[in-house]
Amino acid sequence: AIDIKTLRARTGLITLDPGYANTGSCTSSITFMDGERGILRYRGIPIQELAQQASFKETAFLLIHGSLPTRDELTQFSEQLTDYSPVHENMRLFFQNFPPNAHPMGILSSMVNSLRSFYPEIANEDEEIKVTVTRLISKIRTLAAMSYKISMGYQVIYPRPDLSYCANFLHMMFDSTVRPYELKEEVVHALRVIWILHADHEQNCSTSAVRLVGSARVNLYAAISSGITALWGPLHGGANQAVIEMLEAIRKGGGDCRSFVERAKNPNDSFRLMGFGHRVYKTYDPRAVIMKEVCHKLLGALGRSDALLDIARELEATALEDEYFISRNLYPNIDFYTGIAFRAMGIPTNMFPVMFAIGRLPGWIAQWLESIRDPHWKLSRPRQIYTGPKETAYTPIDQRV
Ligand code: ACO
């Protein structure tokens with residue numbers, strides 16, 4: 001037998017795998033996914049059971065520490081989340097100086113990265129990890145709500161110790177001295193389920209970004225900031241915003257779903273049905289199954305209707321009957337229905353990817369921790385197949401044509 005290092009040294013052999021579609025970048029005991037059968041489990045627990053019974057805090061603890069918390073552990077975790085929730089007063093100046101139309105994902109990734117400047121490293125490594133992890137889960141919620149409040153010119157609201165993680169976020173987003181926000185059970189429930197469904201998804205683009213950047217041994221804030229940046233893209237977490245924009249365009253165009261499906265099929269048109277397709281799922285995304293139900297129940301409980309939900313249903317039915325989508329195993333993914341739920345909650349459209357980021361944070365942290373503790377840890381440094389010119393002489397500027 002010959003090991004891969006020796007083989008590489010002797011042959012110069014490099015594997016080329018565009019988009020890493022068939023490359024395992026790590027071993028992991030966090031999340032199990034079966035894309036053919038539509039199975040998703042965190043630390044072995046099916047996503048359906050967590051969505052039904054767990055709190056978001058419990059799910060975060062499970063992903064990060066490997067098992068569900070005891071009552072004492074959960075109480076301690078909750079108290080720490082409340083303690084860490086305020087952000088340094090000087091960080092407000094950052095918010096105030098972003099242009100009014102700055103995208104909230106750009107703001108969030110910058111703010112998270114800047115946390116290291118405000119909260120310097122603790123010398124004891126275990127303590128540093130413990131504090132940084134909890135601080136981040138707490139402060140991302142404050143930063144997201146604060147960015148909304150400041151952009152609207154409203155007073156910043158801090159969390160209440162008696163509220164759950166999800167209820168507190170809604171409180172911080174929407175409560176004000178002028179108009180107190182009524183916390184509705186159905187809205188809190190929907191947000192809890194959505195954040196649990198988003199909490200981890202093995203080696204997706206943003207998680208791989210966190211691991212790759214983290215492999216250079218940057219601090220956790222910087223690694224997470226890179227994950228937020230990757231998530232921003234419309235092919236990844238930005239898809240929830242793109243779905244709503246697409247559904248709006250269909251509505252404004254008179255509700256003709258068929259013409260959008262036809263556009264998505266046209267190889268000469270770069271348009272794709274947003275919220276459709278997945279690198280790993282070749283069947284219905286199990287999270288989308290739950291999301292569709294959450295949307296339906298939330299709107300029902302709030303006594304609201306949304307034309308976009310009807311359009312989404314019709315678009316889904318049209319695509320799922322179409323040979324193009326059938327033959328390519330293209331089904332709705334989680335992003336297809338989340339935007340409609342966020343709209344019903346009153347979340348502004350450009351904040352949808354931020355909502356995804358808050359939910360995904362525990363997964364990013366768990367994956368980062370697993371990677372830095374991996375005894376086989378290595379700096380991530382892929383290779384390439386060079387296709388440029390052979391050695392070429394330098395041409396002085398006045399001889400160039
Ligand atoms: N609409 C129309 N056609 C599609 C779509 C879509 N949404 N998704 C894939 N296809 C087609 C491709 O054009 C390709 O067709 P071809 O074989 O004729 O060339 C085939 O299906 C395979 O597509 P790939 O791009 O090779 O699949 P990949 O695994 O690389 O892409 C992705 C996955 C990026 C998610 C893709 O399905 C897509 O762009 N979807 C829309 C954006 C979206 O919803 N992103 C969210 C993903 S979930 C998440 O990140 C949380």
# chains A, B, ... in the order shown; residues from 1 in each chain; ligands from 1
$ residues_around --residues "Glu293 (chain A)" --least-positions-apart "3" --cutoff "12 Å" --atoms "only C-alpha atoms" --output "list in words"
Ala51, Ala190, Val193, Ile194, Pro286, Arg287, Ala288, Val289, Ile290, His296, Lys297, Leu298, Leu299, Gly300, Leu309, Arg313, Ile334, Tyr337, Thr338, Ile340 and Ala341 of chain A
$ write_last_selection --atoms "N, CA and C atoms" --output "short mmCIF file (atom, residue, chain, number, x, y, z; two decimals), in the first residue's frame"
data_model
loop_
_atom_site.label_atom_id
_atom_site.label_comp_id
_atom_site.auth_asym_id
_atom_site.auth_seq_id
_atom_site.Cartn_x
_atom_site.Cartn_y
_atom_site.Cartn_z
N ALA A 51 -37.60 19.77 16.03
CA ALA A 51 -38.54 20.84 15.67
C ALA A 51 -39.81 20.77 16.52
N ALA A 190 -43.11 29.57 15.58
CA ALA A 190 -42.62 29.49 14.19
C ALA A 190 -41.13 29.84 14.13
N VAL A 193 -38.97 26.97 15.45
CA VAL A 193 -38.84 25.87 14.49
C VAL A 193 -37.89 26.27 13.35
N ILE A 194 -38.07 27.48 12.84
CA ILE A 194 -37.22 27.92 11.72
C ILE A 194 -35.75 27.91 12.12
N PRO A 286 -36.19 17.79 3.72
CA PRO A 286 -37.06 17.52 4.88
C PRO A 286 -37.38 18.79 5.67
N ARG A 287 -36.50 19.78 5.59
CA ARG A 287 -36.74 21.04 6.29
C ARG A 287 -37.85 21.82 5.59
N ALA A 288 -37.90 21.70 4.24
CA ALA A 288 -38.94 22.42 3.48
C ALA A 288 -40.32 21.82 3.78
N VAL A 289 -40.36 20.50 4.03
CA VAL A 289 -41.64 19.86 4.37
C VAL A 289 -42.20 20.53 5.63
N ILE A 290 -41.33 20.68 6.64
CA ILE A 290 -41.77 21.28 7.92
C ILE A 290 -42.10 22.76 7.71
N HIS A 296 -48.08 27.71 6.69
CA HIS A 296 -49.53 27.56 6.60
C HIS A 296 -50.17 27.84 7.97
N LYS A 297 -49.60 27.20 9.03
CA LYS A 297 -50.17 27.36 10.38
C LYS A 297 -50.01 28.79 10.89
N LEU A 298 -48.85 29.38 10.62
CA LEU A 298 -48.59 30.74 11.12
C LEU A 298 -49.59 31.73 10.52
N LEU A 299 -49.77 31.65 9.22
CA LEU A 299 -50.71 32.58 8.58
C LEU A 299 -52.12 32.34 9.10
N GLY A 300 -52.46 31.05 9.28
CA GLY A 300 -53.79 30.72 9.80
C GLY A 300 -53.99 31.29 11.20
N LEU A 309 -47.94 33.27 -0.76
CA LEU A 309 -48.02 31.84 -0.39
C LEU A 309 -48.78 31.07 -1.47
N ARG A 313 -47.21 28.09 -3.79
CA ARG A 313 -47.81 26.75 -3.94
C ARG A 313 -48.02 26.40 -5.41
N ILE A 334 -35.25 24.58 1.76
CA ILE A 334 -35.76 25.28 2.96
C ILE A 334 -36.13 26.74 2.68
N TYR A 337 -39.97 28.44 1.45
CA TYR A 337 -41.11 28.91 2.27
C TYR A 337 -40.73 29.82 3.45
N THR A 338 -39.44 29.88 3.82
CA THR A 338 -39.10 30.66 5.02
C THR A 338 -39.44 32.15 4.88
N ILE A 340 -41.81 33.61 3.43
CA ILE A 340 -43.23 33.93 3.66
C ILE A 340 -43.52 33.99 5.15
N ALA A 341 -42.89 33.09 5.91
CA ALA A 341 -43.06 33.13 7.38
C ALA A 341 -42.43 34.41 7.95
#
$ residues_around --residues "Ser25 (chain A)" --least-positions-apart "5" --cutoff "12 Å" --atoms "only C-alpha atoms" --output "ChimeraX atom specification"
/A:17,19-20,202-205,207-209,211-212,215,367,371,376-382
$ closest_residue --among "A:Pro159, A:Tyr154, A:Met246, A:Arg258" --to "Val178 (chain A)" --atoms "only C-alpha atoms"
A:Tyr154
$ residues_near_ligand --ligand "ligand 1" --cutoff "8 Å" --atoms "only C-alpha atoms and all ligand atoms" --output "JSON, numbers by chain"
{"A": [19, 21, 204, 205, 231, 234, 235, 236, 237, 238, 239, 240, 243, 261, 264, 265, 267, 271, 272, 273, 274, 275, 276, 277, 278, 279, 280, 324, 325, 328, 329, 330, 332, 333, 334, 335, 336]}
$ write_last_selection --atoms "C-alpha atoms" --output "PDB file, in the first residue's frame"
ATOM      1  CA  GLY A  19     -17.435  22.832  -6.417  1.00  0.00           C
ATOM      2  CA  ALA A  21     -19.192  18.025  -5.215  1.00  0.00           C
ATOM      3  CA  ASN A 204     -22.444  23.587   3.063  1.00  0.00           C
ATOM      4  CA  CYS A 205     -20.747  26.645   1.535  1.00  0.00           C
ATOM      5  CA  LEU A 231     -24.198  32.829   3.465  1.00  0.00           C
ATOM      6  CA  PRO A 234     -28.267  34.248  -3.427  1.00  0.00           C
ATOM      7  CA  LEU A 235     -27.270  30.647  -4.217  1.00  0.00           C
ATOM      8  CA  HIS A 236     -26.983  29.987  -0.462  1.00  0.00           C
ATOM      9  CA  GLY A 237     -28.629  31.839   2.474  1.00  0.00           C
ATOM     10  CA  GLY A 238     -29.515  34.856   0.363  1.00  0.00           C
ATOM     11  CA  ALA A 239     -31.977  32.599  -1.490  1.00  0.00           C
ATOM     12  CA  ASN A 240     -34.751  33.309   1.049  1.00  0.00           C
ATOM     13  CA  VAL A 243     -37.432  33.799  -3.381  1.00  0.00           C
ATOM     14  CA  VAL A 261     -40.784  27.919 -14.908  1.00  0.00           C
ATOM     15  CA  ALA A 264     -35.755  28.678 -15.455  1.00  0.00           C
ATOM     16  CA  LYS A 265     -35.562  25.838 -18.002  1.00  0.00           C
ATOM     17  CA  PRO A 267     -30.277  27.195 -20.969  1.00  0.00           C
ATOM     18  CA  PHE A 271     -32.508  32.774 -14.274  1.00  0.00           C
ATOM     19  CA  ARG A 272     -33.172  29.873 -11.872  1.00  0.00           C
ATOM     20  CA  LEU A 273     -36.191  29.122  -9.732  1.00  0.00           C
ATOM     21  CA  MET A 274     -34.978  30.444  -6.395  1.00  0.00           C
ATOM     22  CA  GLY A 275     -35.596  28.107  -3.451  1.00  0.00           C
ATOM     23  CA  PHE A 276     -35.439  25.112  -5.783  1.00  0.00           C
ATOM     24  CA  GLY A 277     -32.698  22.504  -6.063  1.00  0.00           C
ATOM     25  CA  HIS A 278     -29.991  21.367  -3.691  1.00  0.00           C
ATOM     26  CA  ARG A 279     -26.495  19.968  -4.004  1.00  0.00           C
ATOM     27  CA  VAL A 280     -27.197  17.067  -1.661  1.00  0.00           C
ATOM     28  CA  TYR A 324     -37.153  19.319 -16.568  1.00  0.00           C
ATOM     29  CA  PHE A 325     -37.498  19.496 -12.767  1.00  0.00           C
ATOM     30  CA  ARG A 328     -33.040  16.708 -12.427  1.00  0.00           C
ATOM     31  CA  ASN A 329     -34.559  15.928  -9.019  1.00  0.00           C
ATOM     32  CA  LEU A 330     -35.228  19.601  -8.326  1.00  0.00           C
ATOM     33  CA  PRO A 332     -38.169  23.085  -3.035  1.00  0.00           C
ATOM     34  CA  ASN A 333     -35.411  23.651  -0.481  1.00  0.00           C
ATOM     35  CA  ILE A 334     -35.762  25.281   2.963  1.00  0.00           C
ATOM     36  CA  ASP A 335     -35.574  28.785   1.519  1.00  0.00           C
ATOM     37  CA  PHE A 336     -38.671  28.366  -0.609  1.00  0.00           C
TER      38      PHE A 336
END
$ atom_distance --atom1 "CA of Gly227 (chain A)" --atom2 "CA of Ser109 (chain A)"
8.3 Å
$ select_by_dssp --residues "region 107-143 of chain A" --states "alpha helix (DSSP H)" --output "PyMOL selection string"
chain A and resi 107-118+125-143
$ closest_residue --among "A:His201, A:Lys149, A:Arg251, A:Lys282" --to "Arg92 (chain A)" --atoms "only C-alpha atoms"
A:Lys149
$ atom_distance --atom1 "CA of Lys184 (chain A)" --atom2 "CA of Ala357 (chain A)"
22.9 Å
